[in-house]
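Beneath this line is the structure, given in structure tokens, with notes to follow.
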Amino acid sequence: MAKYDFKPTGRERTFGEDEVIVSKTDTKGRITYGNEVFLKISGYPENEIVGAPHSILRHPHMPRCVFRLLWNRIEAGDEIFAYVMNMASGGDHYWVFAHVTPTFGEDGKIVGYHSNRRKPSQAQIQTISALYKTLLDIEERNPDRKAGMEQSYEHLNALLKSKGVGYDEFIFSV
């Protein structure tokens, strides 16, 4: 199983615009599959990453409210698109534009999740980075982690409401 003690290096990894990162997880978010691009960009060998929680890739500069939104949507059986900064083995980071969908069994129940991720443009990263910094600052100002996440989630929803758009419309406008 992969190690969890990396600190961010500030170095960015990239992948090709024609490459797609693919991973699958069970319903608890444990990785069950990763394609070669996923293994290459994450820096983890398959025998270390399979079985690990997908959160092993969570970069500490990502606001937790984004993951709350993601999990709310996919656990409800809906898809979601999101910009995510992940952290590779060793602490390097990489940005993705993720499309996460539930996988349904024959009985119609969710049996796991599937994520395809593409490379976002530098302009998209700059736009979303500014928002994520604001959300993360809100989270970190509150000594209660859960309350901080709730405040950033409320801030995000208020921002969307002020723009007169839903989350999906906003994400596709970035």
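By convention in this document, the chains of the structure tokens carry letters A, B, ... by their order, each chain's residues are numbered from 1, and ligands are numbered from 1 in the order they are shown.
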
Quiz item: Do you know which residues are at most 8 Å from Glu19 in chain A counting only C-alpha atoms, after dropping those on the same chain fewer than 6 positions away, and could you put them as a list in words?
Solution: Val37, Arg118 and Lys119 of chain A

Wanna dump the range 58-167 of chain A-range 22-36 of chain A contacts at 12 Å for me, each residue with its shortest atom pair and the distance in Å to one decimal, counting only C-alpha atoms, ordered by chain and number, as JSON lines?
```
{"residue": "A:Phe67", "atom": "CA", "partner": "A:Gly29", "partner_atom": "CA", "distance": 11.7}
{"residue": "A:Leu70", "atom": "CA", "partner": "A:Gly29", "partner_atom": "CA", "distance": 11.8}
{"residue": "A:Trp71", "atom": "CA", "partner": "A:Gly29", "partner_atom": "CA", "distance": 9.7}
{"residue": "A:Ile74", "atom": "CA", "partner": "A:Thr27", "partner_atom": "CA", "distance": 9.9}
{"residue": "A:Glu75", "atom": "CA", "partner": "A:Thr27", "partner_atom": "CA", "distance": 8.5}
{"residue": "A:Ala76", "atom": "CA", "partner": "A:Thr27", "partner_atom": "CA", "distance": 11.9}
{"residue": "A:Gly77", "atom": "CA", "partner": "A:Thr27", "partner_atom": "CA", "distance": 11.5}
{"residue": "A:Val96", "atom": "CA", "partner": "A:Val22", "partner_atom": "CA", "distance": 11.1}
{"residue": "A:Phe97", "atom": "CA", "partner": "A:Val22", "partner_atom": "CA", "distance": 11.7}
{"residue": "A:Ala98", "atom": "CA", "partner": "A:Val22", "partner_atom": "CA", "distance": 9.5}
{"residue": "A:His99", "atom": "CA", "partner": "A:Val22", "partner_atom": "CA", "distance": 9.8}
{"residue": "A:Val100", "atom": "CA", "partner": "A:Lys24", "partner_atom": "CA", "distance": 9.4}
{"residue": "A:Thr101", "atom": "CA", "partner": "A:Lys24", "partner_atom": "CA", "distance": 9.7}
{"residue": "A:Pro102", "atom": "CA", "partner": "A:Thr27", "partner_atom": "CA", "distance": 8.8}
{"residue": "A:Thr103", "atom": "CA", "partner": "A:Lys24", "partner_atom": "CA", "distance": 9.0}
{"residue": "A:Phe104", "atom": "CA", "partner": "A:Thr27", "partner_atom": "CA", "distance": 10.5}
{"residue": "A:Gly105", "atom": "CA", "partner": "A:Thr27", "partner_atom": "CA", "distance": 11.6}
{"residue": "A:Lys109", "atom": "CA", "partner": "A:Thr27", "partner_atom": "CA", "distance": 10.4}
{"residue": "A:Ile110", "atom": "CA", "partner": "A:Thr27", "partner_atom": "CA", "distance": 7.2}
{"residue": "A:Val111", "atom": "CA", "partner": "A:Thr27", "partner_atom": "CA", "distance": 5.9}
{"residue": "A:Gly112", "atom": "CA", "partner": "A:Asp26", "partner_atom": "CA", "distance": 4.1}
{"residue": "A:Tyr113", "atom": "CA", "partner": "A:Thr25", "partner_atom": "CA", "distance": 5.2}
{"residue": "A:His114", "atom": "CA", "partner": "A:Lys24", "partner_atom": "CA", "distance": 4.5}
{"residue": "A:Ser115", "atom": "CA", "partner": "A:Ser23", "partner_atom": "CA", "distance": 5.4}
{"residue": "A:Asn116", "atom": "CA", "partner": "A:Val22", "partner_atom": "CA", "distance": 4.7}
{"residue": "A:Arg117", "atom": "CA", "partner": "A:Val22", "partner_atom": "CA", "distance": 6.4}
{"residue": "A:Arg118", "atom": "CA", "partner": "A:Val22", "partner_atom": "CA", "distance": 9.2}
```

Output N, CA and C atoms for every residue in that selection, as an mmCIF file, in the first residue's frame.
```
data_model
loop_
_atom_site.group_PDB
_atom_site.id
_atom_site.type_symbol
_atom_site.label_atom_id
_atom_site.label_comp_id
_atom_site.auth_asym_id
_atom_site.auth_seq_id
_atom_site.Cartn_x
_atom_site.Cartn_y
_atom_site.Cartn_z
ATOM 1 N N PHE A 67 -14.531 18.329 -2.528
ATOM 2 C CA PHE A 67 -14.721 16.879 -2.398
ATOM 3 C C PHE A 67 -16.071 16.562 -1.766
ATOM 4 N N LEU A 70 -18.374 16.768 -4.632
ATOM 5 C CA LEU A 70 -18.161 15.607 -5.482
ATOM 6 C C LEU A 70 -18.841 14.372 -4.900
ATOM 7 N N TRP A 71 -18.575 14.089 -3.635
ATOM 8 C CA TRP A 71 -19.165 12.893 -3.021
ATOM 9 C C TRP A 71 -20.686 12.995 -2.920
ATOM 10 N N ILE A 74 -21.933 12.103 -6.570
ATOM 11 C CA ILE A 74 -21.780 10.730 -7.063
ATOM 12 C C ILE A 74 -22.508 9.718 -6.187
ATOM 13 N N GLU A 75 -22.570 9.968 -4.884
ATOM 14 C CA GLU A 75 -23.321 9.051 -4.023
ATOM 15 C C GLU A 75 -24.818 9.114 -4.310
ATOM 16 N N ALA A 76 -25.283 10.240 -4.872
ATOM 17 C CA ALA A 76 -26.685 10.375 -5.256
ATOM 18 C C ALA A 76 -26.950 9.764 -6.633
ATOM 19 N N GLY A 77 -25.894 9.233 -7.261
ATOM 20 C CA GLY A 77 -26.049 8.596 -8.562
ATOM 21 C C GLY A 77 -25.846 9.535 -9.735
ATOM 22 N N VAL A 96 -6.059 18.332 -13.064
ATOM 23 C CA VAL A 96 -6.911 17.560 -13.962
ATOM 24 C C VAL A 96 -8.293 18.195 -14.044
ATOM 25 N N PHE A 97 -8.954 17.946 -15.155
ATOM 26 C CA PHE A 97 -10.375 18.234 -15.284
ATOM 27 C C PHE A 97 -11.041 16.868 -15.253
ATOM 28 N N ALA A 98 -11.667 16.572 -14.125
ATOM 29 C CA ALA A 98 -12.189 15.231 -13.867
ATOM 30 C C ALA A 98 -13.667 15.106 -14.208
ATOM 31 N N HIS A 99 -14.019 13.973 -14.745
ATOM 32 C CA HIS A 99 -15.416 13.579 -14.958
ATOM 33 C C HIS A 99 -15.603 12.293 -14.155
ATOM 34 N N VAL A 100 -16.359 12.385 -13.072
ATOM 35 C CA VAL A 100 -16.541 11.251 -12.172
ATOM 36 C C VAL A 100 -17.989 10.786 -12.267
ATOM 37 N N THR A 101 -18.144 9.478 -12.437
ATOM 38 C CA THR A 101 -19.481 8.898 -12.568
ATOM 39 C C THR A 101 -19.612 7.670 -11.674
ATOM 40 N N PRO A 102 -20.817 7.429 -11.180
ATOM 41 C CA PRO A 102 -21.035 6.174 -10.471
ATOM 42 C C PRO A 102 -21.100 5.017 -11.468
ATOM 43 N N THR A 103 -20.718 3.852 -10.988
ATOM 44 C CA THR A 103 -20.867 2.619 -11.754
ATOM 45 C C THR A 103 -21.974 1.832 -11.083
ATOM 46 N N PHE A 104 -22.950 1.412 -11.875
ATOM 47 C CA PHE A 104 -24.112 0.716 -11.328
ATOM 48 C C PHE A 104 -24.043 -0.774 -11.616
ATOM 49 N N GLY A 105 -24.459 -1.577 -10.636
ATOM 50 C CA GLY A 105 -24.554 -3.014 -10.815
ATOM 51 C C GLY A 105 -25.849 -3.381 -11.521
ATOM 52 N N LYS A 109 -27.899 -0.614 -8.180
ATOM 53 C CA LYS A 109 -27.204 0.014 -7.054
ATOM 54 C C LYS A 109 -25.774 0.379 -7.452
ATOM 55 N N ILE A 110 -25.257 1.409 -6.807
ATOM 56 C CA ILE A 110 -23.898 1.843 -7.085
ATOM 57 C C ILE A 110 -22.915 0.805 -6.545
ATOM 58 N N VAL A 111 -21.980 0.387 -7.418
ATOM 59 C CA VAL A 111 -20.971 -0.603 -7.020
ATOM 60 C C VAL A 111 -19.561 -0.009 -7.017
ATOM 61 N N GLY A 112 -19.438 1.219 -7.502
ATOM 62 C CA GLY A 112 -18.138 1.870 -7.542
ATOM 63 C C GLY A 112 -18.227 3.174 -8.300
ATOM 64 N N TYR A 113 -17.044 3.734 -8.589
ATOM 65 C CA TYR A 113 -16.979 5.012 -9.288
ATOM 66 C C TYR A 113 -15.883 4.952 -10.334
ATOM 67 N N HIS A 114 -16.086 5.713 -11.398
ATOM 68 C CA HIS A 114 -15.179 5.735 -12.542
ATOM 69 C C HIS A 114 -14.816 7.188 -12.811
ATOM 70 N N SER A 115 -13.544 7.467 -12.986
ATOM 71 C CA SER A 115 -13.115 8.837 -13.261
ATOM 72 C C SER A 115 -12.200 8.885 -14.474
ATOM 73 N N ASN A 116 -12.568 9.756 -15.419
ATOM 74 C CA ASN A 116 -11.730 10.085 -16.564
ATOM 75 C C ASN A 116 -11.247 11.506 -16.358
ATOM 76 N N ARG A 117 -9.947 11.737 -16.542
ATOM 77 C CA ARG A 117 -9.407 13.066 -16.295
ATOM 78 C C ARG A 117 -8.548 13.514 -17.470
ATOM 79 N N ARG A 118 -8.790 14.744 -17.867
ATOM 80 C CA ARG A 118 -8.037 15.358 -18.964
ATOM 81 C C ARG A 118 -7.233 16.534 -18.431
#
```

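Take the candidates A:Ala130, A:Ile21, A:Ile138, A:Ala88 and check each one against Pro45 in chain A using only C-alpha atoms; the shortest distance goes to A:Ala88.
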
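Interatomic distance, CA of Lys40 in chain A to CA of Tyr94 in chain A: 11.6 Å.
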
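Residues in contact range of Arg68 in chain A, defined as at most 10 Å between only C-alpha atoms, with sequence neighbours fewer than 5 positions away removed, read A:Pro63, A:Arg73, A:Met149, A:Glu150, A:Tyr153.
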
Mind listing the helix (DSSP H, G or I) residues of range 4-170 of chain A, per DSSP on the backbone, as a VMD selection string? chain A and resid 36 to 42 46 to 49 54 to 57 64 to 75 122 to 141 145 to 163 167 to 170

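Interatomic distance, CA of Glu106 in chain A against CA of Glu79 in chain A: 18.4 Å.
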
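The shortest atom-to-atom distance to Leu136 in chain A, with only C-alpha atoms taken into account, belongs to A:Val66 out of A:Val66, A:Leu57, A:Ile41, A:Val165.
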
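The gap separating CA of His61 in chain A from CA of Ser162 in chain A is 24.9 Å, in Å to one decimal.
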
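Considering the residues A:Pro143, A:Gly90, A:Pro60, A:Gly148 and counting only C-alpha atoms, Tyr44 in chain A has its shortest atom-to-atom contact with A:Gly90.
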
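Minimum distance to Phe170 in chain A across A:Phe6, A:Phe15, A:Trp95, A:Phe81 (counting only C-alpha atoms) occurs at A:Phe81.
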
Restricting to only C-alpha atoms, whichever of A:Ser173, A:Asn72, A:Ile125, A:Ser152 is closest to Asp137 in chain A is A:Ser152
